[in-house]
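Undergrad: Contents are mmCIF, C-alpha atoms, pLDDT in the B column; chains and numbers go by the auth columns; file name entry02.cif:
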```
data_my_file
loop_
_atom_site.group_PDB
_atom_site.id
_atom_site.type_symbol
_atom_site.label_atom_id
_atom_site.label_comp_id
_atom_site.label_asym_id
_atom_site.label_seq_id
_atom_site.Cartn_x
_atom_site.Cartn_y
_atom_site.Cartn_z
_atom_site.B_iso_or_equiv
_atom_site.auth_seq_id
_atom_site.auth_asym_id
ATOM 1 C CA MET A 1 86.603 51.411 112.911 57.00 1 F
ATOM 2 C CA THR A 2 88.574 51.726 109.711 61.00 2 F
ATOM 3 C CA ALA A 3 88.067 49.944 106.425 63.00 3 F
ATOM 4 C CA GLN A 4 91.002 47.646 107.161 64.00 4 F
ATOM 5 C CA SER A 5 89.583 46.554 110.511 83.00 5 F
ATOM 6 C CA LEU A 6 86.148 45.970 108.950 84.00 6 F
ATOM 7 C CA HIS A 7 87.811 43.823 106.286 85.00 7 F
ATOM 8 C CA ASP A 8 89.425 41.672 109.007 92.00 8 F
ATOM 9 C CA VAL A 9 86.149 40.979 110.847 95.00 9 F
ATOM 10 C CA LEU A 10 84.674 38.475 108.358 95.00 10 F
ATOM 11 C CA LEU A 11 86.982 35.468 107.940 95.00 11 F
ATOM 12 C CA ARG A 12 84.965 33.149 105.671 94.00 12 F
ATOM 13 C CA PRO A 13 81.403 32.027 104.980 94.00 13 F
ATOM 14 C CA VAL A 14 80.253 28.880 106.758 94.00 14 F
ATOM 15 C CA ILE A 15 79.016 26.415 104.154 92.00 15 F
ATOM 16 C CA SER A 16 77.019 23.584 105.700 92.00 16 F
ATOM 17 C CA GLU A 17 73.692 21.954 105.045 94.00 17 F
ATOM 18 C CA LYS A 18 71.966 23.954 107.769 94.00 18 F
ATOM 19 C CA SER A 19 73.478 27.304 106.783 92.00 19 F
ATOM 20 C CA THR A 20 72.601 26.720 103.128 90.00 20 F
ATOM 21 C CA LEU A 21 68.965 26.052 104.043 93.00 21 F
ATOM 22 C CA GLU A 22 68.894 29.198 106.190 93.00 22 F
ATOM 23 C CA THR A 23 69.803 31.374 103.187 91.00 23 F
ATOM 24 C CA GLU A 24 66.223 30.897 101.961 91.00 24 F
ATOM 25 C CA ARG A 25 65.128 32.829 105.069 94.00 25 F
ATOM 26 C CA ASN A 26 67.779 35.544 104.507 94.00 26 F
ATOM 27 C CA ASN A 27 70.044 34.227 107.291 96.00 27 F
ATOM 28 C CA TYR A 28 73.723 34.013 106.302 96.00 28 F
ATOM 29 C CA THR A 29 76.461 32.445 108.461 96.00 29 F
ATOM 30 C CA PHE A 30 80.054 33.696 108.668 96.00 30 F
ATOM 31 C CA ALA A 31 83.127 32.764 110.681 96.00 31 F
ATOM 32 C CA VAL A 32 84.257 35.985 112.343 96.00 32 F
ATOM 33 C CA ALA A 33 87.218 37.230 114.362 95.00 33 F
ATOM 34 C CA ARG A 34 87.220 36.273 118.048 94.00 34 F
ATOM 35 C CA ASP A 35 87.205 39.898 119.221 93.00 35 F
ATOM 36 C CA ALA A 36 84.401 41.060 116.892 93.00 36 F
ATOM 37 C CA ASN A 37 81.136 42.252 118.400 94.00 37 F
ATOM 38 C CA LYS A 38 77.662 42.573 116.854 95.00 38 F
ATOM 39 C CA PHE A 39 78.144 46.193 115.829 95.00 39 F
ATOM 40 C CA LEU A 40 81.413 45.483 113.996 95.00 40 F
ATOM 41 C CA ILE A 41 79.916 42.431 112.274 96.00 41 F
ATOM 42 C CA LYS A 42 76.902 44.434 111.104 96.00 42 F
ATOM 43 C CA ALA A 43 79.095 47.238 109.754 95.00 43 F
ATOM 44 C CA ALA A 44 81.426 44.768 108.006 95.00 44 F
ATOM 45 C CA VAL A 45 78.597 42.882 106.254 95.00 45 F
ATOM 46 C CA GLU A 46 76.904 46.111 105.156 95.00 46 F
ATOM 47 C CA ALA A 47 80.182 47.515 103.814 93.00 47 F
ATOM 48 C CA GLU A 48 81.326 44.316 102.096 92.00 48 F
ATOM 49 C CA PHE A 49 78.098 43.178 100.427 93.00 49 F
ATOM 50 C CA LYS A 50 76.043 46.426 100.174 94.00 50 F
ATOM 51 C CA VAL A 51 73.000 44.957 101.981 95.00 51 F
ATOM 52 C CA THR A 52 70.826 46.076 104.912 96.00 52 F
ATOM 53 C CA VAL A 53 71.388 44.007 108.071 96.00 53 F
ATOM 54 C CA LEU A 54 68.358 43.529 110.311 97.00 54 F
ATOM 55 C CA GLY A 55 69.963 41.437 113.049 97.00 55 F
ATOM 56 C CA VAL A 56 73.109 39.626 114.139 97.00 56 F
ATOM 57 C CA ARG A 57 73.373 36.551 116.361 97.00 57 F
ATOM 58 C CA VAL A 58 76.794 35.475 117.632 97.00 58 F
ATOM 59 C CA VAL A 59 77.812 31.958 118.739 97.00 59 F
ATOM 60 C CA SER A 60 81.154 30.917 120.247 96.00 60 F
ATOM 61 C CA VAL A 61 81.961 27.390 119.071 95.00 61 F
ATOM 62 C CA ARG A 62 83.799 25.477 121.775 96.00 62 F
ATOM 63 C CA PRO A 63 87.134 23.735 121.143 94.00 63 F
ATOM 64 C CA LYS A 64 86.965 19.963 120.633 93.00 64 F
ATOM 65 C CA GLN A 65 89.305 17.071 121.318 92.00 65 F
ATOM 66 C CA LYS A 66 90.437 14.993 118.365 91.00 66 F
ATOM 67 C CA ARG A 67 92.394 11.764 118.360 88.00 67 F
ATOM 68 C CA ARG A 68 95.528 11.522 116.216 84.00 68 F
ATOM 69 C CA GLY A 69 96.627 7.939 116.166 85.00 69 F
ATOM 70 C CA ARG A 70 96.023 5.464 118.961 85.00 70 F
ATOM 71 C CA ARG A 71 96.979 7.424 122.061 84.00 71 F
ATOM 72 C CA THR A 72 97.715 10.975 120.964 86.00 72 F
ATOM 73 C CA MET A 73 94.993 13.524 121.723 89.00 73 F
ATOM 74 C CA GLY A 74 94.926 16.996 120.229 90.00 74 F
ATOM 75 C CA MET A 75 92.618 19.975 120.267 92.00 75 F
ATOM 76 C CA VAL A 76 90.717 21.683 117.460 91.00 76 F
ATOM 77 C CA PRO A 77 90.652 25.378 118.388 93.00 77 F
ATOM 78 C CA GLY A 78 87.399 27.162 119.137 94.00 78 F
ATOM 79 C CA TRP A 79 86.037 29.834 116.816 96.00 79 F
ATOM 80 C CA LYS A 80 83.259 32.369 116.603 97.00 80 F
ATOM 81 C CA LYS A 81 80.415 32.449 114.092 96.00 81 F
ATOM 82 C CA ALA A 82 77.786 35.040 113.313 97.00 82 F
ATOM 83 C CA ILE A 83 74.337 34.458 111.825 97.00 83 F
ATOM 84 C CA VAL A 84 73.335 37.630 109.990 97.00 84 F
ATOM 85 C CA THR A 85 69.738 38.390 108.982 97.00 85 F
ATOM 86 C CA ILE A 86 69.390 40.738 106.014 96.00 86 F
ATOM 87 C CA ALA A 87 66.433 42.634 104.573 96.00 87 F
ATOM 88 C CA PRO A 88 63.931 40.601 102.478 94.00 88 F
ATOM 89 C CA GLY A 89 64.829 42.196 99.122 92.00 89 F
ATOM 90 C CA ASP A 90 68.614 41.825 99.514 91.00 90 F
ATOM 91 C CA LYS A 91 70.820 38.866 98.572 90.00 91 F
ATOM 92 C CA ILE A 92 74.448 37.952 99.095 89.00 92 F
ATOM 93 C CA GLU A 93 75.702 36.484 95.810 83.00 93 F
ATOM 94 C CA LEU A 94 78.603 34.684 97.465 73.00 94 F
ATOM 95 C CA PHE A 95 76.253 31.986 98.739 60.00 95 F
ATOM 96 C CA GLU A 96 74.318 31.660 95.476 62.00 96 F
ATOM 97 C CA ALA A 97 77.333 30.207 93.630 55.00 97 F
ATOM 98 C CA VAL A 98 77.735 27.304 96.059 51.00 98 F
#
```
As structure tokens, what does this structure read like?
TA:
Amino acid sequence: MTAQSLHDVLLRPVISEKSTLETERNNYTFAVARDANKFLIKAAVEAEFKVTVLGVRVVSVRPKQKRRGRRTMGMVPGWKKAIVTIAPGDKIELFEAV
């Protein structure tokens, strides 16, 4: 578990209406690497944002079919997201700017 591998765990924040409302309850949502587990996600968030993580929930988002044109069907790849709960006094400033 090096600093480079911790940097590769968090891909991007998930900005949606539901995830923005959850930030009021100290729950932050991130898209994470497919092979990341809860321990790696916790260590990456604590190292990146200097906060205390209380819990991590992981969800695998299933791939979906999308239509391109009249007959052509394609696939949107699946991805993995993590909902991270942090301590009540901490904040992640990345979400405050949105």
Undergrad: Can you pull out the residues contacting Leu40 (chain F)? Cut-off 10 Å, using only C-alpha atoms, and skip same-chain residues under 5 positions away; I want them as an NGL selection string.
TA: :F and (1 or 5-6 or 9-10 or 35 or 45-46)
Undergrad: With the PyMOL selection byres ((chain F and resi 51-56) around 9) as the selection, what would be picked from this file? Answer as a PyMOL selection string, please.
TA: chain F and resi 38-39+41-43+45-50+57-58+82-87+90-92
Undergrad: Output C-alpha atoms for every residue in that selection, as a PDB file, in the coordinates of the input.
TA:
```
ATOM      1  CA  LYS F  38      77.662  42.573 116.854  1.00 95.00           C
ATOM      2  CA  PHE F  39      78.144  46.193 115.829  1.00 95.00           C
ATOM      3  CA  ILE F  41      79.916  42.431 112.274  1.00 96.00           C
ATOM      4  CA  LYS F  42      76.902  44.434 111.104  1.00 96.00           C
ATOM      5  CA  ALA F  43      79.095  47.238 109.754  1.00 95.00           C
ATOM      6  CA  VAL F  45      78.597  42.882 106.254  1.00 95.00           C
ATOM      7  CA  GLU F  46      76.904  46.111 105.156  1.00 95.00           C
ATOM      8  CA  ALA F  47      80.182  47.515 103.814  1.00 93.00           C
ATOM      9  CA  GLU F  48      81.326  44.316 102.096  1.00 92.00           C
ATOM     10  CA  PHE F  49      78.098  43.178 100.427  1.00 93.00           C
ATOM     11  CA  LYS F  50      76.043  46.426 100.174  1.00 94.00           C
ATOM     12  CA  ARG F  57      73.373  36.551 116.361  1.00 97.00           C
ATOM     13  CA  VAL F  58      76.794  35.475 117.632  1.00 97.00           C
ATOM     14  CA  ALA F  82      77.786  35.040 113.313  1.00 97.00           C
ATOM     15  CA  ILE F  83      74.337  34.458 111.825  1.00 97.00           C
ATOM     16  CA  VAL F  84      73.335  37.630 109.990  1.00 97.00           C
ATOM     17  CA  THR F  85      69.738  38.390 108.982  1.00 97.00           C
ATOM     18  CA  ILE F  86      69.390  40.738 106.014  1.00 96.00           C
ATOM     19  CA  ALA F  87      66.433  42.634 104.573  1.00 96.00           C
ATOM     20  CA  ASP F  90      68.614  41.825  99.514  1.00 91.00           C
ATOM     21  CA  LYS F  91      70.820  38.866  98.572  1.00 90.00           C
ATOM     22  CA  ILE F  92      74.448  37.952  99.095  1.00 89.00           C
TER      23      ILE F  92
END
```
Undergrad: Report, in Å with one decimal, the straight-line distance from CA of Arg62 (chain F) to CA of Leu21 (chain F).
TA: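 CA of Leu21 (chain F) lies 23.1 Å from CA of Arg62 (chain F).
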Undergrad: Selection in question (the file shown): the PyMOL selection byres ((chain F and resi 80) around 7). Which residues does it include, as a ChimeraX atom specification?
TA: /F:31-34,59-61,79,81-82
Undergrad: Please report the interatomic distance between CA of Asn26 (chain F) and CA of Pro77 (chain F) in Å with one decimal.
TA: 28.6 Å
Undergrad: What is the distance, in Å and to one decimal place, between CA of Glu93 (chain F) and CA of Ser16 (chain F)?
TA: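 Separation between CA of Glu93 (chain F) and CA of Ser16 (chain F): 16.3 Å.
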